[in-house]
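Engineer: Below are the structure tokens for one structure; questions will follow.
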Amino acid sequence: MASLGIPKNTIEILQKYNFVFQKRFGQNFLVDTRILEKIITAAHIEEDDCVLEIGPGIGTMTQYLCESARKVIAVEIDKSLIPILSDTLSEYDNYRIINEDILKVDINKLVQEENGGKPIKVVANLPYYITTPIIMGLFEIHVPIDSITIMVQKEVADRMQVGPGTKEYGALSLAVQYYALPEIITNVPANCFMPRPNVGSAVIRLTRHKDIPVDVIDEKLMFKIIRASFNQRRKTLQNSVSHSGDLNVTKEMIETALVEMGLPVAVRGEALSLHQFAELSNIIYKQIKL
């Protein structure tokens with residue numbers, strides 16, 4: 001099978017099946033073999049690996065994954081792509097296609113079936129509108145994962161790896177860094193896709209931490225505090241968190257915690273590191289339990 005990373009081959013297969021791009025699925029197919037090779041290298045795919053690919057499209061990256069991995073599970077929401085995938089992957093016998101919305105798939109069950117519950121590697125070229133729910137979904141349900149290597153909007157990749165005090169820093173940065181080490185592998189210009197998107201992209205690898213880097217008593221409470229802190233960035237952390245309908249935390253409790261941590265009462269959420277949010281939530285947790 002000719003590589004779909006070459007634009008001419010992608011055009012031929014799309015014409016053969018009269019494929020129409022679906023805007024609602026955010027479809028942009030990668031047509032650059034160098035970027036495809038960088039993704040495979042960055043994901044460290046080995047011959048015994050089981051890989052979950054989210055949104056295989058016409059199978060451009062799936063072909064590369066099938067060459068390198070023991071098993072590839074590709075989850076594709078668009079049923080019109082299923083016959084195309086059967087065609088473009090006809091040379092391989094080590095893949096499984098699931099025509100489903102990834103957010104509705106029981107991934108833990110899938111990992112049990114296909115990899116005996118051992119950690120998998122995730123590779124994806126994600127539509128921009130659904131990046132955060134997919135990544136957070138994988139982490140929060142504690143799927144056994146080694147790493148997630150994904151193509152995302154450049155701005156989202158930047159947001160995942162920045163630290164306190166930057167304007168991109170927010171709840172996504174903290175959540176990703178709580179679960180994984182984020183590293184941007186390469187930037188990808190818009191002309192590497194068909195059709196061409198309006199924004200630049202980047203490949204980012206999230207390597208799952210063996211051990212969570214902070215000690216936190218109640219993970220859910222910490223993330224509620226983090227989300228509330230960034231809901232209204234101009235407000236102080238004290239005001240944002242105490243006014244959150246999702247939390248039953250008073251201004252006094254937050255003030256006591258901030259003073260104990262040696263932080264100014266008027267501090268904003270964007271100034272706190274992951275370690276500080278963990279400490280803050282532990283102090284508040286103990287106050288709630290009193």
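Quick note on naming: the chains in the structure tokens go A, B, ... in the order shown, residues restart at 1 in each chain, and ligands are numbered from 1 in order of appearance.
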Residues within 7 Å of Met194 (chain A), please, as a list in words. Count only C-alpha atoms; anything in the same chain fewer than 5 positions from it doesn't count.
Structural biologist: Asn28, Phe29, Leu30 and Val31 of chain A
Engineer: Restricting it to N, CA and C atoms, dump the selection as a PDB file, in the first residue's frame.
Structural biologist:
```pdb
ATOM      1  N   ASN A  28      -8.823  16.848   9.588  1.00  0.00           N
ATOM      2  CA  ASN A  28      -7.683  17.377   8.830  1.00  0.00           C
ATOM      3  C   ASN A  28      -6.654  16.258   8.754  1.00  0.00           C
ATOM      4  N   PHE A  29      -6.435  15.723   7.549  1.00  0.00           N
ATOM      5  CA  PHE A  29      -5.551  14.566   7.417  1.00  0.00           C
ATOM      6  C   PHE A  29      -4.104  15.017   7.186  1.00  0.00           C
ATOM      7  N   LEU A  30      -3.199  14.371   7.875  1.00  0.00           N
ATOM      8  CA  LEU A  30      -1.778  14.718   7.797  1.00  0.00           C
ATOM      9  C   LEU A  30      -1.201  14.190   6.486  1.00  0.00           C
ATOM     10  N   VAL A  31      -0.520  15.056   5.737  1.00  0.00           N
ATOM     11  CA  VAL A  31       0.092  14.626   4.469  1.00  0.00           C
ATOM     12  C   VAL A  31       1.565  15.063   4.450  1.00  0.00           C
TER      13      VAL A  31
END
```
Engineer: For region 125-141 of chain A, find every residue with an atom within 7 Å (counting only C-alpha atoms), except residues of its own chain fewer than 6 positions away, and show them as a list in words.
Structural biologist: Phe25, Gly26, Gln27, Gly55, Leu103, Ile150, Met151, Val152, Gln153 and Tyr179 of chain A
Engineer: Output the selection as a short mmCIF file (atom, residue, chain, number, x, y, z; two decimals), in the first residue's frame - C-alpha atoms for each residue.
Structural biologist:
```
data_model
loop_
_atom_site.label_atom_id
_atom_site.label_comp_id
_atom_site.auth_asym_id
_atom_site.auth_seq_id
_atom_site.Cartn_x
_atom_site.Cartn_y
_atom_site.Cartn_z
CA PHE A 25 -15.55 15.92 13.28
CA GLY A 26 -12.72 18.42 12.79
CA GLN A 27 -11.14 16.32 10.04
CA GLY A 55 -9.29 9.23 15.05
CA LEU A 103 -15.63 9.38 24.86
CA ILE A 150 -0.67 13.67 20.06
CA MET A 151 -1.00 16.32 17.43
CA VAL A 152 -2.93 19.26 18.82
CA GLN A 153 -3.42 22.96 18.21
CA TYR A 179 -0.48 13.07 35.59
#
```
Engineer: Quick one: pull the distance between CA of Ile120 (chain A) and CA of Val176 (chain A), Å, one decimal.
Structural biologist: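 Separation between CA of Ile120 (chain A) and CA of Val176 (chain A): 17.7 Å.
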Engineer: Skip region 209-213 of chain A itself and residues of its chain fewer than 4 positions away, then list as a PDB file with N, CA and C atoms, in the first residue's frame all residues within 8 Å of it, counting only C-alpha atoms.
Structural biologist:
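Dumped everything to result_1.pdb:
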```pdb
ATOM      1  N   TYR A 178       0.073  17.120  36.504  1.00  0.00           N
ATOM      2  CA  TYR A 178      -0.197  16.263  37.650  1.00  0.00           C
ATOM      3  C   TYR A 178      -0.022  14.785  37.251  1.00  0.00           C
ATOM      4  N   TYR A 179      -0.493  14.461  36.040  1.00  0.00           N
ATOM      5  CA  TYR A 179      -0.479  13.071  35.591  1.00  0.00           C
ATOM      6  C   TYR A 179       0.754  12.699  34.758  1.00  0.00           C
ATOM      7  N   ALA A 180       1.362  13.683  34.090  1.00  0.00           N
ATOM      8  CA  ALA A 180       2.379  13.333  33.090  1.00  0.00           C
ATOM      9  C   ALA A 180       3.438  14.420  32.921  1.00  0.00           C
ATOM     10  N   LEU A 181       4.528  14.043  32.265  1.00  0.00           N
ATOM     11  CA  LEU A 181       5.564  15.004  31.886  1.00  0.00           C
ATOM     12  C   LEU A 181       5.307  15.401  30.431  1.00  0.00           C
TER      13      LEU A 181
END
```
Engineer: Which one of A:Val75, A:Pro195, A:Ile54, A:Ile145 sits closest to Leu14 (chain A) if you count only C-alpha atoms?
Structural biologist: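 Checking each candidate against Leu14 (chain A), we get A:Pro195 as the closest.
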Engineer: Given only C-alpha atoms as the basis, pick out the residue of A:Leu206, A:Ile225, A:Cys192, A:Ile35 nearest to Ala171 (chain A).
Structural biologist: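 Once distances to Ala171 (chain A) are computed over only C-alpha atoms, the minimum belongs to A:Ile225.
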Engineer: How many Å separate CA of Ser281 (chain A) from CA of Ile217 (chain A)?
Structural biologist: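 We find that CA of Ser281 (chain A) and CA of Ile217 (chain A) lie 7.9 Å from each other.
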Engineer: Identify, on the basis of only C-alpha atoms, every residue whose closest approach to Ser240 (chain A) does not exceed 6 Å; exclude the query and any residue fewer than 3 positions from it along the same chain; express the result as a list in words.
Structural biologist: Ala228, Ser229, Leu237 and His243 of chain A
Engineer: Only C-alpha atoms, please: the residues just picked out, written as a PDB file, in the first residue's frame.
Structural biologist:
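Writing the result to out_20.pdb gives the following:
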```pdb
ATOM      1  CA  ALA A 228     -12.521  27.579  40.412  1.00  0.00           C
ATOM      2  CA  SER A 229      -9.232  29.551  40.648  1.00  0.00           C
ATOM      3  CA  LEU A 237      -8.013  33.064  44.281  1.00  0.00           C
ATOM      4  CA  HIS A 243     -17.828  32.115  45.132  1.00  0.00           C
TER       5      HIS A 243
END
```
Engineer: Among region 43-255 of chain A, which ones does DSSP place in strand (DSSP E or B), written as number ranges by chain?
Structural biologist: A: 50-54, 71-76, 95-99, 120-125, 145-153, 180-188, 193-194, 201-208
Engineer: For CA of Leu272 (chain A) and CA of Ile284 (chain A), determine how far apart the two atoms are, in Å to one decimal place.
Structural biologist: 15.3 Å
Engineer: Excluding region 246-253 of chain A and any residue of its chain fewer than 2 positions from it, enumerate the residues within 12 Å of it, using only C-alpha atoms, and give them as a PyMOL selection string.
Structural biologist: chain A and resi 220-229+231+236-244+255-260+265-266+280-290
Engineer: Please return as a ChimeraX atom specification: the residues of region 26-241 of chain A that backbone DSSP assigns to helix (DSSP H, G or I).
Structural biologist: /A:33-42,60-68,79-88,102-104,107-115,128-140,154-161,171-179,190-192,219-231,237-241
Engineer: What's the 6 Å shell around region 188-191 of chain A, counting only C-alpha atoms, without same-chain residues fewer than 5 positions away, as a ChimeraX atom specification?
Structural biologist: /A:196-197,200-202
Engineer: Could you save those same residues with N, CA and C atoms as a PDB file, in the first residue's frame?
Structural biologist:
```pdb
ATOM      1  N   ARG A 196      -6.341  22.280   4.767  1.00  0.00           N
ATOM      2  CA  ARG A 196      -5.448  23.075   5.586  1.00  0.00           C
ATOM      3  C   ARG A 196      -6.218  23.753   6.733  1.00  0.00           C
ATOM      4  N   PRO A 197      -5.818  23.524   8.001  1.00  0.00           N
ATOM      5  CA  PRO A 197      -6.521  24.192   9.109  1.00  0.00           C
ATOM      6  C   PRO A 197      -6.135  25.674   9.199  1.00  0.00           C
ATOM      7  N   GLY A 200      -1.859  26.774  13.521  1.00  0.00           N
ATOM      8  CA  GLY A 200      -0.688  25.899  13.565  1.00  0.00           C
ATOM      9  C   GLY A 200      -0.899  24.782  14.562  1.00  0.00           C
ATOM     10  N   SER A 201      -0.158  23.688  14.385  1.00  0.00           N
ATOM     11  CA  SER A 201      -0.283  22.538  15.276  1.00  0.00           C
ATOM     12  C   SER A 201       1.069  22.207  15.896  1.00  0.00           C
ATOM     13  N   ALA A 202       1.042  21.306  16.856  1.00  0.00           N
ATOM     14  CA  ALA A 202       2.286  20.819  17.457  1.00  0.00           C
ATOM     15  C   ALA A 202       2.079  19.380  17.885  1.00  0.00           C
TER      16      ALA A 202
END
```
Engineer: Excluding Ile6 (chain A) and any residue of its chain fewer than 3 positions from it, enumerate the residues within 12 Å of it, using only C-alpha atoms, and give them as a list in words.
Structural biologist: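 Contacts, in chain order: Met1, Ala2, Ser3, Asn9, Thr10, Ile11, Glu12, Ile13, Phe29, Leu30, Val31, Asp32, Thr33, Arg34, Ile35, Leu36, Thr60, Met61, Cys192, Phe193 and Met194 of chain A.
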Engineer: Under the rule that only C-alpha atoms are counted, which of A:Ser86, A:Leu274, A:Ile184, A:Asn115 is the nearest residue to Asp49 (chain A)?
Structural biologist: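 Using only C-alpha atoms, Asp49 (chain A) sits closest to A:Asn115.
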Engineer: Under the rule that only C-alpha atoms are counted, which of A:Ile82, A:Ala278, A:Ala124, A:Leu65 is the nearest residue to Ser147 (chain A)?
Structural biologist: A:Ala124
Engineer: Point out the residue among A:Leu172, A:Ile107, A:Ile39, A:Cys50 with the least atom-to-atom distance to Tyr95 (chain A), counting only C-alpha atoms.
Structural biologist: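 So, comparing all the options, the nearest one is A:Cys50.
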